[in-house]
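The next block is structure_34.txt, given as compact mmCIF, C-alpha atoms and all ligand atoms.
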```txt
# COMPACT_ATOMS: atom_id res chain seq x y z
CA MET A 17 -153.09 -91.29 -150.82
CA ARG A 18 -151.45 -94.25 -149.20
CA GLY A 19 -153.11 -97.66 -149.45
CA THR A 20 -152.57 -101.07 -147.99
CA LYS A 21 -149.00 -101.99 -148.59
CA ASN A 22 -148.55 -105.37 -150.14
CA SER A 23 -145.67 -106.59 -148.02
CA PHE A 24 -145.32 -109.83 -149.91
CA ILE A 25 -144.55 -107.99 -153.15
CA GLY A 26 -142.36 -105.57 -151.22
CA MET A 27 -140.34 -108.47 -149.91
CA ALA A 28 -140.05 -110.08 -153.34
CA VAL A 29 -138.78 -106.82 -154.76
CA ALA A 30 -136.18 -106.51 -152.01
CA ILE A 31 -134.95 -110.02 -152.74
CA VAL A 32 -134.74 -109.42 -156.49
CA ALA A 33 -132.81 -106.21 -155.86
CA LEU A 34 -130.39 -108.02 -153.57
CA TYR A 35 -129.62 -110.77 -156.04
CA GLY A 36 -129.76 -108.43 -158.98
CA ALA A 37 -126.59 -106.77 -157.79
CA CYS A 38 -124.55 -109.90 -158.50
CA THR A 39 -126.51 -111.75 -161.17
CA ASP A 40 -127.21 -108.84 -163.50
CA GLU A 41 -130.86 -109.82 -163.60
CA VAL A 42 -131.83 -106.29 -162.81
CA GLU A 43 -131.32 -103.99 -165.72
CA GLY A 44 -131.44 -100.34 -166.50
CA GLY A 45 -133.49 -97.81 -164.63
CA ASP A 46 -136.33 -100.05 -163.69
CA PRO A 47 -134.96 -102.47 -161.11
CA ASP A 48 -138.22 -102.73 -159.26
CA GLY A 49 -141.28 -101.95 -161.29
CA LEU A 50 -143.96 -101.66 -158.63
CA ALA A 51 -147.70 -101.59 -159.18
CA VAL A 52 -150.60 -99.55 -157.84
CA SER A 53 -154.24 -100.54 -158.04
CA GLY A 54 -157.45 -99.21 -156.61
CA GLN A 55 -160.72 -97.48 -157.32
CA VAL A 56 -161.94 -93.98 -158.03
CA ILE A 57 -164.35 -92.76 -155.36
CA ASP A 58 -166.54 -89.73 -154.90
CA PHE A 59 -164.74 -87.24 -152.64
CA ALA A 60 -167.76 -86.22 -150.60
CA THR A 61 -169.52 -89.57 -150.12
CA GLY A 62 -166.59 -91.98 -150.29
CA GLU A 63 -168.68 -94.19 -152.62
CA VAL A 64 -167.01 -95.95 -155.55
CA LEU A 65 -168.04 -94.23 -158.80
CA THR A 66 -170.71 -96.06 -160.74
CA GLY A 67 -169.73 -94.80 -164.20
CA THR A 68 -166.56 -95.41 -166.14
CA ALA A 69 -163.61 -93.38 -164.97
CA SER A 70 -160.66 -92.17 -166.97
CA VAL A 71 -157.35 -92.41 -165.13
CA SER A 72 -153.92 -91.18 -166.22
CA THR A 73 -150.64 -90.44 -164.47
CA ARG A 74 -148.46 -87.40 -164.28
CA GLY A 75 -144.87 -87.29 -163.01
CA LEU A 76 -143.53 -90.58 -164.39
CA ASP A 77 -141.42 -90.75 -167.58
CA PRO A 78 -142.12 -92.92 -169.47
CA ALA A 79 -145.75 -92.98 -168.34
CA PRO A 80 -146.70 -96.43 -166.99
CA VAL A 81 -149.51 -98.54 -168.43
CA VAL A 82 -152.92 -97.76 -166.90
CA ILE A 83 -155.73 -100.29 -167.20
CA VAL A 84 -159.21 -99.05 -166.27
CA ASP A 85 -162.31 -101.15 -165.75
CA GLY A 86 -165.30 -99.10 -164.60
CA ALA A 87 -164.02 -97.27 -161.54
CA ALA A 88 -161.16 -99.73 -160.94
CA PHE A 89 -157.64 -99.14 -162.21
CA ALA A 90 -154.26 -100.86 -162.23
CA ILE A 91 -150.96 -99.13 -163.02
CA GLU A 92 -147.44 -100.45 -163.64
CA PRO A 93 -144.48 -100.30 -163.73
CA ILE A 94 -143.64 -97.58 -161.22
CA PRO A 95 -140.08 -97.07 -159.94
CA ALA A 96 -139.62 -97.30 -156.15
CA ASN A 97 -139.46 -93.98 -154.23
CA SER A 98 -141.82 -92.12 -156.57
CA ILE A 99 -144.42 -89.49 -155.85
CA PHE A 100 -146.71 -89.11 -158.83
CA HIS A 101 -150.21 -87.86 -159.49
CA LEU A 102 -153.28 -89.62 -160.75
CA LEU A 103 -155.71 -87.62 -162.81
CA SER A 104 -159.12 -89.24 -162.61
CA ALA A 105 -162.39 -88.06 -164.05
CA ALA A 106 -165.84 -89.36 -164.92
CA PRO A 107 -167.62 -86.82 -167.09
CA PRO A 108 -170.25 -85.46 -166.90
CA THR A 109 -170.63 -86.21 -163.17
CA HIS A 110 -167.05 -85.93 -161.89
CA ARG A 111 -164.47 -83.24 -162.54
CA ALA A 112 -160.89 -84.12 -163.55
CA THR A 113 -159.12 -84.39 -160.18
CA TYR A 114 -155.42 -84.73 -159.35
CA ALA A 115 -154.37 -86.72 -156.28
CA ALA A 116 -150.86 -87.69 -155.19
CA VAL A 117 -149.74 -91.29 -154.80
CA GLU A 118 -146.49 -92.12 -153.03
CA VAL A 119 -144.82 -95.44 -153.71
CA ILE A 120 -141.84 -96.18 -151.46
CA ASP A 121 -140.66 -99.79 -151.59
CA GLY A 122 -143.77 -101.89 -152.14
CA SER A 123 -146.77 -102.07 -154.43
CA LEU A 124 -150.06 -100.56 -153.29
CA GLU A 125 -153.38 -102.33 -153.58
CA GLY A 126 -156.88 -101.08 -153.01
CA ILE A 127 -156.10 -97.37 -152.81
CA ARG A 128 -159.09 -95.06 -153.00
CA VAL A 129 -158.57 -92.09 -155.25
CA PRO A 130 -161.09 -89.24 -154.90
CA ALA A 131 -162.71 -87.28 -157.72
CA LEU A 132 -164.84 -84.19 -157.08
CA GLY A 133 -168.49 -84.31 -158.15
CA GLU A 134 -169.75 -81.40 -160.27
CA THR A 135 -172.76 -80.82 -158.01
CA TYR A 136 -170.49 -80.89 -154.97
CA ILE A 137 -168.17 -78.26 -156.51
CA ALA A 138 -171.23 -76.13 -157.29
CA SER A 139 -172.40 -76.43 -153.67
CA LEU A 140 -168.99 -75.30 -152.40
CA ALA A 141 -168.92 -72.32 -154.78
CA THR A 142 -172.40 -71.26 -153.62
CA GLY A 143 -171.55 -71.88 -149.97
CA PHE A 144 -168.40 -69.76 -150.13
CA GLY A 145 -169.88 -67.18 -152.51
CA VAL A 146 -167.26 -67.57 -155.24
CA SER A 147 -167.60 -67.99 -159.01
CA PRO A 148 -164.74 -70.22 -160.17
CA THR A 149 -163.52 -69.44 -163.72
CA ALA A 150 -162.70 -72.17 -166.25
CA ALA A 151 -159.13 -70.92 -166.69
CA ARG A 152 -158.10 -71.79 -163.14
CA GLY A 153 -158.06 -74.73 -160.75
CA ILE A 154 -159.43 -75.61 -157.31
CA LEU A 155 -157.27 -76.95 -154.47
CA LEU A 156 -158.61 -79.01 -151.57
CA ALA A 157 -155.88 -79.74 -149.04
CA ARG A 158 -156.28 -81.72 -145.84
CA ALA A 159 -154.22 -80.59 -142.86
CA VAL A 160 -152.87 -83.76 -141.23
CA ASP A 161 -150.47 -84.63 -138.44
CA ASP A 162 -147.44 -86.91 -138.70
CA ALA A 163 -149.64 -89.99 -138.49
CA GLY A 164 -151.98 -88.73 -141.25
CA ALA A 165 -154.90 -87.83 -138.94
CA PRO A 166 -156.77 -84.59 -139.71
CA ARG A 167 -155.72 -81.51 -137.72
CA ALA A 168 -158.34 -79.08 -136.51
CA GLY A 169 -157.64 -75.49 -135.48
CA ILE A 170 -155.03 -74.49 -138.07
CA PRO A 171 -155.95 -70.82 -138.65
CA GLY A 172 -156.36 -69.35 -142.13
CA SER A 173 -153.55 -66.91 -141.39
CA ALA A 174 -151.10 -69.83 -141.11
CA PHE A 175 -151.40 -70.56 -144.86
CA THR A 176 -149.54 -68.68 -147.57
CA VAL A 177 -152.21 -67.93 -150.21
CA PRO A 178 -151.01 -69.22 -153.61
CA PRO A 179 -150.55 -66.38 -156.16
CA GLY A 180 -153.89 -65.06 -157.42
CA ALA A 181 -155.93 -67.57 -155.44
CA SER A 182 -158.98 -66.85 -153.29
CA GLY A 183 -159.17 -68.46 -149.90
CA PRO A 184 -158.53 -70.07 -147.58
CA PHE A 185 -162.01 -71.51 -147.03
CA PHE A 186 -162.76 -74.45 -144.75
CA LEU A 187 -164.90 -77.59 -144.89
CA ASP A 188 -166.94 -78.72 -141.91
CA PRO A 189 -166.60 -82.24 -140.46
CA GLN A 190 -169.18 -83.48 -143.03
CA LEU A 191 -167.09 -82.00 -145.86
CA GLN A 192 -169.62 -79.26 -146.58
CA ALA A 193 -168.77 -75.56 -146.95
CA ALA A 194 -168.27 -73.83 -143.60
CA PRO A 195 -168.23 -70.17 -144.72
CA GLY A 196 -168.00 -68.86 -141.15
CA ALA A 197 -164.97 -70.97 -140.19
CA THR A 198 -161.62 -69.22 -139.72
CA ALA A 199 -159.58 -72.35 -139.04
CA THR A 200 -159.57 -76.02 -140.07
CA THR A 201 -162.39 -78.04 -138.52
CA ALA A 202 -162.21 -81.68 -137.39
CA SER A 203 -162.08 -82.71 -141.08
CA GLY A 204 -158.83 -80.75 -141.61
CA TRP A 205 -159.86 -79.54 -145.11
CA VAL A 206 -158.87 -76.16 -146.48
CA VAL A 207 -160.03 -74.94 -149.94
CA PHE A 208 -158.58 -72.42 -152.39
CA PHE A 209 -160.26 -71.35 -155.64
CA GLU A 210 -158.77 -69.66 -158.70
CA ILE A 211 -155.34 -71.28 -158.53
CA GLU A 212 -153.07 -70.56 -161.50
CA PRO A 213 -152.35 -73.60 -163.71
CA GLY A 214 -148.92 -75.08 -163.09
CA LEU A 215 -147.76 -76.53 -159.79
CA VAL A 216 -148.98 -75.70 -156.30
CA GLY A 217 -147.64 -76.53 -152.84
CA LEU A 218 -148.97 -74.98 -149.65
CA THR A 219 -146.45 -73.46 -147.27
CA ALA A 220 -146.80 -71.84 -143.87
CA SER A 221 -146.95 -68.04 -143.78
CA ALA A 222 -144.04 -66.06 -142.36
CA ASN A 223 -145.34 -65.71 -138.81
CA ALA A 224 -147.06 -69.08 -138.53
CA GLN A 225 -146.05 -71.25 -135.63
CA VAL A 226 -146.29 -74.35 -137.80
CA THR A 227 -144.36 -75.94 -140.65
CA MET A 228 -146.21 -77.30 -143.71
CA GLU A 229 -145.16 -79.97 -146.16
CA MET A 230 -147.23 -80.73 -149.24
CA ALA A 231 -146.24 -82.56 -152.43
CA GLN A 232 -145.93 -80.10 -155.32
CA SER A 233 -149.15 -80.87 -157.17
CA PRO A 234 -150.38 -80.14 -160.68
CA VAL A 235 -153.11 -77.56 -161.25
CA ALA A 236 -154.98 -77.42 -164.56
CA PRO A 237 -157.75 -75.17 -165.88
CA ALA A 238 -161.16 -76.23 -164.55
CA ALA A 239 -159.59 -79.21 -162.77
CA ALA A 240 -159.44 -80.00 -159.06
CA THR A 241 -156.34 -80.88 -157.05
CA ILE A 242 -156.53 -82.85 -153.80
CA ALA A 243 -153.58 -83.07 -151.42
CA ASP A 244 -152.45 -83.72 -147.87
CA VAL A 245 -150.53 -80.97 -146.13
CA LYS A 246 -148.50 -82.24 -143.23
CA ILE A 247 -148.47 -79.86 -140.27
CA THR A 248 -145.67 -79.89 -137.71
CA ASP A 249 -145.61 -77.59 -134.71
CA GLY A 250 -143.01 -74.87 -134.67
CA ALA A 251 -141.96 -72.33 -137.30
CA THR A 252 -140.02 -73.53 -140.34
CA VAL A 253 -136.32 -73.73 -139.58
CA LEU A 254 -133.85 -74.45 -142.37
CA PRO A 255 -130.88 -76.64 -141.42
CA THR A 256 -127.44 -74.98 -141.16
CA ASN A 257 -123.86 -76.12 -141.44
CA VAL A 258 -124.82 -79.16 -143.50
CA SER A 259 -122.23 -81.93 -143.85
CA PHE A 260 -121.88 -83.66 -147.23
CA ARG A 261 -120.55 -86.81 -145.60
CA GLN A 262 -123.04 -87.07 -142.72
CA GLN A 263 -126.21 -85.55 -144.14
CA VAL A 264 -126.21 -85.28 -147.94
CA ARG A 265 -124.62 -88.52 -149.01
CA PRO A 266 -127.02 -90.81 -147.06
CA ILE A 267 -129.96 -89.23 -148.92
CA PHE A 268 -128.92 -90.90 -152.18
CA GLN A 269 -129.20 -94.27 -150.50
CA LEU A 270 -132.27 -93.61 -148.33
CA ARG A 271 -134.31 -92.06 -151.15
CA GLY A 272 -133.41 -94.75 -153.68
CA CYS A 273 -131.26 -92.72 -156.12
CA GLU A 274 -128.66 -95.49 -155.98
CA SER A 275 -130.90 -97.97 -157.76
CA CYS A 276 -130.53 -96.01 -161.01
CA HIS A 277 -127.35 -94.03 -160.37
CA SER A 278 -125.01 -96.86 -159.46
CA GLY A 279 -121.49 -97.31 -160.74
CA SER A 280 -121.56 -100.99 -159.81
CA GLY A 281 -123.60 -102.28 -162.72
CA PRO A 282 -123.20 -101.57 -166.43
CA GLY A 283 -125.98 -99.34 -167.68
CA ARG A 284 -127.10 -98.41 -164.19
CA ASP A 285 -125.28 -95.10 -163.92
CA LEU A 286 -128.17 -93.45 -165.69
CA GLY A 287 -127.61 -89.88 -166.82
CA ASN A 288 -123.92 -90.88 -166.56
CA LEU A 289 -124.19 -90.09 -162.84
CA THR A 290 -122.98 -92.33 -160.00
CA LEU A 291 -124.42 -91.71 -156.55
CA ASP A 292 -123.03 -94.73 -154.72
CA GLY A 293 -119.49 -95.78 -153.79
CA SER A 294 -116.99 -93.66 -151.90
CA VAL A 295 -117.88 -90.21 -150.58
CA SER A 296 -115.12 -88.60 -152.65
CA LEU A 297 -116.38 -90.26 -155.83
CA ILE A 298 -119.93 -89.03 -155.28
CA TYR A 299 -118.63 -85.56 -154.46
CA ARG A 300 -116.61 -85.43 -157.69
CA GLU A 301 -119.58 -86.70 -159.71
CA LEU A 302 -121.81 -83.96 -158.39
CA VAL A 303 -119.50 -80.99 -158.07
CA GLU A 304 -116.75 -81.53 -160.63
CA GLU A 305 -118.18 -83.66 -163.45
CA LEU A 306 -120.16 -81.77 -166.02
CA ALA A 307 -123.78 -82.61 -166.58
CA LEU A 308 -124.74 -84.41 -169.79
CA THR A 309 -126.97 -81.59 -170.89
CA ALA A 310 -125.55 -78.16 -171.61
CA GLY A 311 -127.06 -75.57 -169.31
CA PRO A 312 -127.96 -76.47 -165.75
CA LYS A 313 -125.17 -77.92 -163.63
CA ARG A 314 -125.50 -80.87 -161.30
CA VAL A 315 -124.56 -78.50 -158.48
CA ASP A 316 -124.97 -74.81 -159.30
CA LEU A 317 -123.36 -72.49 -156.75
CA GLU A 318 -124.75 -69.40 -158.48
CA MET A 319 -128.35 -70.60 -158.63
CA PRO A 320 -128.61 -73.38 -156.03
CA GLU A 321 -132.32 -74.05 -156.76
CA LYS A 322 -131.48 -74.74 -160.42
CA SER A 323 -129.01 -77.51 -159.55
CA LEU A 324 -129.93 -80.72 -161.37
CA VAL A 325 -129.47 -82.70 -158.16
CA LEU A 326 -132.53 -80.79 -156.87
CA THR A 327 -134.61 -80.28 -160.02
CA MET A 328 -134.29 -83.77 -161.55
CA PRO A 329 -135.95 -85.64 -158.64
CA SER A 330 -138.52 -82.83 -158.09
CA ALA A 331 -141.76 -81.94 -159.88
CA GLU A 332 -141.20 -79.34 -162.60
CA ASP A 333 -143.50 -77.39 -164.85
CA PRO A 334 -143.03 -78.35 -167.64
CA PRO A 335 -141.70 -81.71 -166.39
CA ASP A 336 -138.02 -82.51 -166.97
CA ARG A 337 -136.74 -85.76 -168.42
CA HIS A 338 -136.39 -87.72 -165.20
CA PRO A 339 -138.16 -91.09 -164.73
CA ASN A 340 -139.67 -90.12 -161.39
CA VAL A 341 -140.12 -87.49 -158.70
CA THR A 342 -138.85 -88.34 -155.21
CA PHE A 343 -138.72 -85.04 -153.32
CA THR A 344 -142.15 -83.69 -152.32
CA GLY A 345 -140.88 -80.18 -153.12
CA PRO A 346 -139.04 -77.31 -151.42
CA SER A 347 -140.48 -78.34 -148.05
CA ASP A 348 -139.00 -81.85 -148.28
CA ARG A 349 -136.38 -82.17 -145.52
CA ASP A 350 -133.84 -83.88 -147.80
CA TYR A 351 -134.37 -81.26 -150.53
CA GLN A 352 -133.64 -78.60 -147.90
CA LEU A 353 -130.48 -80.34 -146.71
CA ILE A 354 -129.08 -80.50 -150.24
CA LEU A 355 -130.16 -76.91 -150.99
CA VAL A 356 -128.49 -75.53 -147.86
CA TRP A 357 -125.36 -77.59 -148.51
CA ILE A 358 -125.10 -75.95 -151.97
CA ARG A 359 -125.87 -72.47 -150.58
CA GLU A 360 -123.11 -72.98 -148.04
CA GLY A 361 -120.66 -73.54 -150.90
CA ALA A 362 -121.07 -77.28 -151.64
CA ARG A 363 -118.15 -78.11 -149.40
CA ASP A 364 -116.47 -81.53 -149.23
CA ASN A 365 -117.15 -81.69 -145.51
C1 LIG A 401 -135.81 -94.89 -161.87
C2 LIG A 401 -134.47 -94.50 -162.11
C3 LIG A 401 -133.94 -93.23 -161.45
C4 LIG A 401 -134.01 -92.88 -160.12
C5 LIG A 401 -134.64 -93.65 -158.97
C6 LIG A 401 -133.31 -91.63 -160.00
N1 LIG A 401 -132.84 -91.24 -161.21
FE1 LIG A 401 -131.80 -89.54 -161.63
N2 LIG A 401 -131.79 -89.98 -163.61
C7 LIG A 401 -132.33 -91.12 -164.18
C8 LIG A 401 -132.22 -91.03 -165.62
C9 LIG A 401 -132.71 -92.06 -166.65
C10 LIG A 401 -131.55 -89.81 -165.92
C11 LIG A 401 -131.21 -89.21 -167.28
C12 LIG A 401 -132.35 -88.32 -167.67
C13 LIG A 401 -132.16 -87.71 -169.06
O1 LIG A 401 -131.45 -86.70 -169.16
O2 LIG A 401 -132.72 -88.26 -170.01
C14 LIG A 401 -131.30 -89.18 -164.62
C15 LIG A 401 -130.66 -87.97 -164.48
C16 LIG A 401 -130.34 -87.39 -163.25
C17 LIG A 401 -129.51 -86.21 -163.11
C18 LIG A 401 -128.88 -85.40 -164.22
C19 LIG A 401 -127.56 -86.02 -164.66
C20 LIG A 401 -126.90 -85.26 -165.80
O3 LIG A 401 -125.69 -85.05 -165.72
O4 LIG A 401 -127.61 -84.86 -166.76
C21 LIG A 401 -129.43 -85.97 -161.75
C22 LIG A 401 -128.64 -84.85 -161.08
C23 LIG A 401 -130.20 -87.00 -161.08
N3 LIG A 401 -130.74 -87.84 -162.01
C24 LIG A 401 -130.36 -87.07 -159.71
C25 LIG A 401 -131.11 -88.04 -159.06
C26 LIG A 401 -131.33 -88.06 -157.61
C27 LIG A 401 -130.74 -87.08 -156.63
C28 LIG A 401 -132.15 -89.15 -157.36
C29 LIG A 401 -132.73 -89.59 -156.03
C30 LIG A 401 -133.44 -88.60 -155.24
C31 LIG A 401 -132.41 -89.79 -158.64
N4 LIG A 401 -131.78 -89.08 -159.64
C32 LIG A 401 -133.17 -90.94 -158.80
C33 LIG A 401 -132.91 -92.17 -163.49
C34 LIG A 401 -133.20 -92.18 -162.13
```

Do you think you could lay out the structure here as structure tokens?
Amino acid sequence: MRGTKNSFIGMAVAIVALYGACTDEVEGGDPDGLAVSGQVIDFATGEVLTGTASVSTRGLDPAPVVIVDGAAFAIEPIPANSIFHLLSAAPPTHRATYAAVEVIDGSLEGIRVPALGETYIASLATGFGVSPTAARGILLARAVDDAGAPRAGIPGSAFTVPPGASGPFFLDPQLQAAPGATATTASGWVVFFEIEPGLVGLTASANAQVTMEMAQSPVAPAAATIADVKITDGATVLPTNVSFRQQVRPIFQLRGCESCHSGSGPGRDLGNLTLDGSVSLIYRELVEELALTAGPKRVDLEMPEKSLVLTMPSAEDPPDRHPNVTFTGPSDRDYQLILVWIREGARDN
């Protein structure tokens, strides 16, 4: 969920980062601890919850401090360029619900984080004729376009059904069960029941004429997961002939890896990894230097998906020891560029 961006704080952070480079005021892996605040709302009505919510985060290590007051919450510090999940609940009325929050370069204020009401979940189960079991989770994903507006008319056959799940089902424009629908309605919502605990990310099916991008999201027994799935027209096409110099290297700057993996400041090459400086230095760091931990390599030609350069900034189950997650998952364009570059032999090109 994106909220109003506080541009004043964003600007202040940019200035601190700029000066930090020469004054050493910025230390360690937390050069810009950003903040997120908002309220927990009811998914179906949009009303702020009246009870006291519980809110925790998943995907940040160490976990930031969360302060909750009724349905309002405030969270900090959060590293820039992080996608993490909030788990909010208000028993007995509202089910534990995961929702993604993406923080790029500024703090977020006034975000509205949805939790699913128990009576609402019961009405969906009845409407769709399913009996959800306590061992599995429920996913509600909203098909959206590039600008974040709901997309109607995405057929059920376009979605790959997550393993063991039942669905897809669709919500009508008033967010009620539409058992007869075979495609997304004006609300864009698609529902799957009985999702295995772990991580879920919706992808387009093999013959679909669309591409889907959804942040890998946690699923827990008897919990709900809410996500946006970005739809782009045209079948999924992986990049080819990827250049390290032109396409891979800029990712480390654009996605903020440099702020923690920088050779220019003592204690900032976290994980003993430098991702700024000359192209040949970065190449050596990734392809020739050994990783700190025995086991996975920074770039693994045998098992490209296991390369630390892909797994560390991605969501893992169980989570790995990385402060944040930056790539939405295997459908993230930058993840794909790095993956294909490794598959093509991790050339110094
Ligand atoms: C907020 C700081 C921070 C950011 C931003 C960050 N990292 Fe890291 N990274 C770390 C820390 C700390 C470690 C060491 C983790 C550990 O093993 O305890 C690490 C470890 C790694 C490692 C493993 C190094 C090794 O040899 O074990 C890789 C690869 C890596 N990060 C890649 C990235 C990439 C790619 C990005 C950007 C998409 C990124 N990181 C962004 C802090 C960060």

For each of A:Leu140, A:Ala236, A:Ala362, A:Leu155, take the minimum atom-to-atom distance to A:Asp188, counting only C-alpha atoms, then give the residue where this is smallest.
->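 The shortest atom-to-atom distance to A:Asp188 comes from A:Leu140.
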
What do you get as a list in words if you pick all residues at most 6 Å from ligand LIG 401 (chain A), counting all atoms listed in the file?
->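 Protein and nucleic-acid residues within 6 Å of ligand LIG 401 (chain A): Gly45, Asp46, Pro95, Phe268, Arg271, Gly272, Cys273, Ser275, Cys276, Leu286, Gly287, Leu289, Ala307, Leu308, Thr309, Arg314, Leu324, Val325, Met328, Pro329, Arg337, His338, Pro339 and Thr342 of chain A.
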
Nearest to A:Leu50, chosen from A:Pro78, A:Asn97, A:Leu65, A:Ile298, with all atoms listed in the file counted in the distances =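 Going through A:Pro78, A:Asn97, A:Leu65, A:Ile298 one by one, the smallest distance to A:Leu50 is for A:Asn97.
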
Hey, which of A:Glu305, A:Glu63, A:Glu92, A:Asp350 ends up closest to A:Gln269? Count only C-alpha atoms.
->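 Looking at the shortest contact to A:Gln269, the residue is A:Asp350.
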
Would you list the contacts of A:Ala159 as a ChimeraX atom specification, taking every protein, DNA or RNA residue within 7 Å and counting only C-alpha atoms, but skipping same-chain residues closer than 6 positions in sequence?
-> /A:166-167,204-205,244-247

Would you please work out which residue, of A:Pro189, A:Pro107, A:Gly196, A:Gly217, is nearest to A:Ala157 when using all atoms listed in the file?
->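 Selected residue with least distance to A:Ala157: A:Gly217.
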
Contacts of A:Arg111 at 7 Å or less, counting all atoms listed in the file, minus same-chain residues fewer than 2 places along, as a ChimeraX atom specification?
-> /A:105-107,109,113,131-134,239-240

Can you pull out every residue within 6 Å of A:Ala168, counting only C-alpha atoms, but drop anything in the same chain fewer than 3 positions away, and send it as a ChimeraX atom specification?
-> /A:200-202,204

With only C-alpha atoms counted, which protein, DNA or RNA residues have an atom no more than 12 Å from (-152.2, -69.2, -150.9) in the file frame? Please answer as an NGL selection string.
-> :A and (154-157 or 172-185 or 206-212 or 216-221)

Store the residues picked out above in a file with C-alpha atoms, as a CSV table (one decimal), in the frame of the given file.
```csv
chain,number,residue,atom,x,y,z
A,154,ILE,CA,-159.4,-75.6,-157.3
A,155,LEU,CA,-157.3,-77.0,-154.5
A,156,LEU,CA,-158.6,-79.0,-151.6
A,157,ALA,CA,-155.9,-79.7,-149.0
A,172,GLY,CA,-156.4,-69.4,-142.1
A,173,SER,CA,-153.6,-66.9,-141.4
A,174,ALA,CA,-151.1,-69.8,-141.1
A,175,PHE,CA,-151.4,-70.6,-144.9
A,176,THR,CA,-149.5,-68.7,-147.6
A,177,VAL,CA,-152.2,-67.9,-150.2
A,178,PRO,CA,-151.0,-69.2,-153.6
A,179,PRO,CA,-150.6,-66.4,-156.2
A,180,GLY,CA,-153.9,-65.1,-157.4
A,181,ALA,CA,-155.9,-67.6,-155.4
A,182,SER,CA,-159.0,-66.8,-153.3
A,183,GLY,CA,-159.2,-68.5,-149.9
A,184,PRO,CA,-158.5,-70.1,-147.6
A,185,PHE,CA,-162.0,-71.5,-147.0
A,206,VAL,CA,-158.9,-76.2,-146.5
A,207,VAL,CA,-160.0,-74.9,-149.9
A,208,PHE,CA,-158.6,-72.4,-152.4
A,209,PHE,CA,-160.3,-71.4,-155.6
A,210,GLU,CA,-158.8,-69.7,-158.7
A,211,ILE,CA,-155.3,-71.3,-158.5
A,212,GLU,CA,-153.1,-70.6,-161.5
A,216,VAL,CA,-149.0,-75.7,-156.3
A,217,GLY,CA,-147.6,-76.5,-152.8
A,218,LEU,CA,-149.0,-75.0,-149.6
A,219,THR,CA,-146.4,-73.5,-147.3
A,220,ALA,CA,-146.8,-71.8,-143.9
A,221,SER,CA,-147.0,-68.0,-143.8
```

Taking every listed atom of stretch 47-63 of chain A and adding 8 Å to each side, what centre and edge lengths in Å (one decimal) does the axis-aligned box have, as lines of an AutoDock Vina configuration file?
```
center_x = -152.2
center_y = -94.5
center_z = -155.7
size_x = 50.6
size_y = 32.5
size_z = 27.2
```
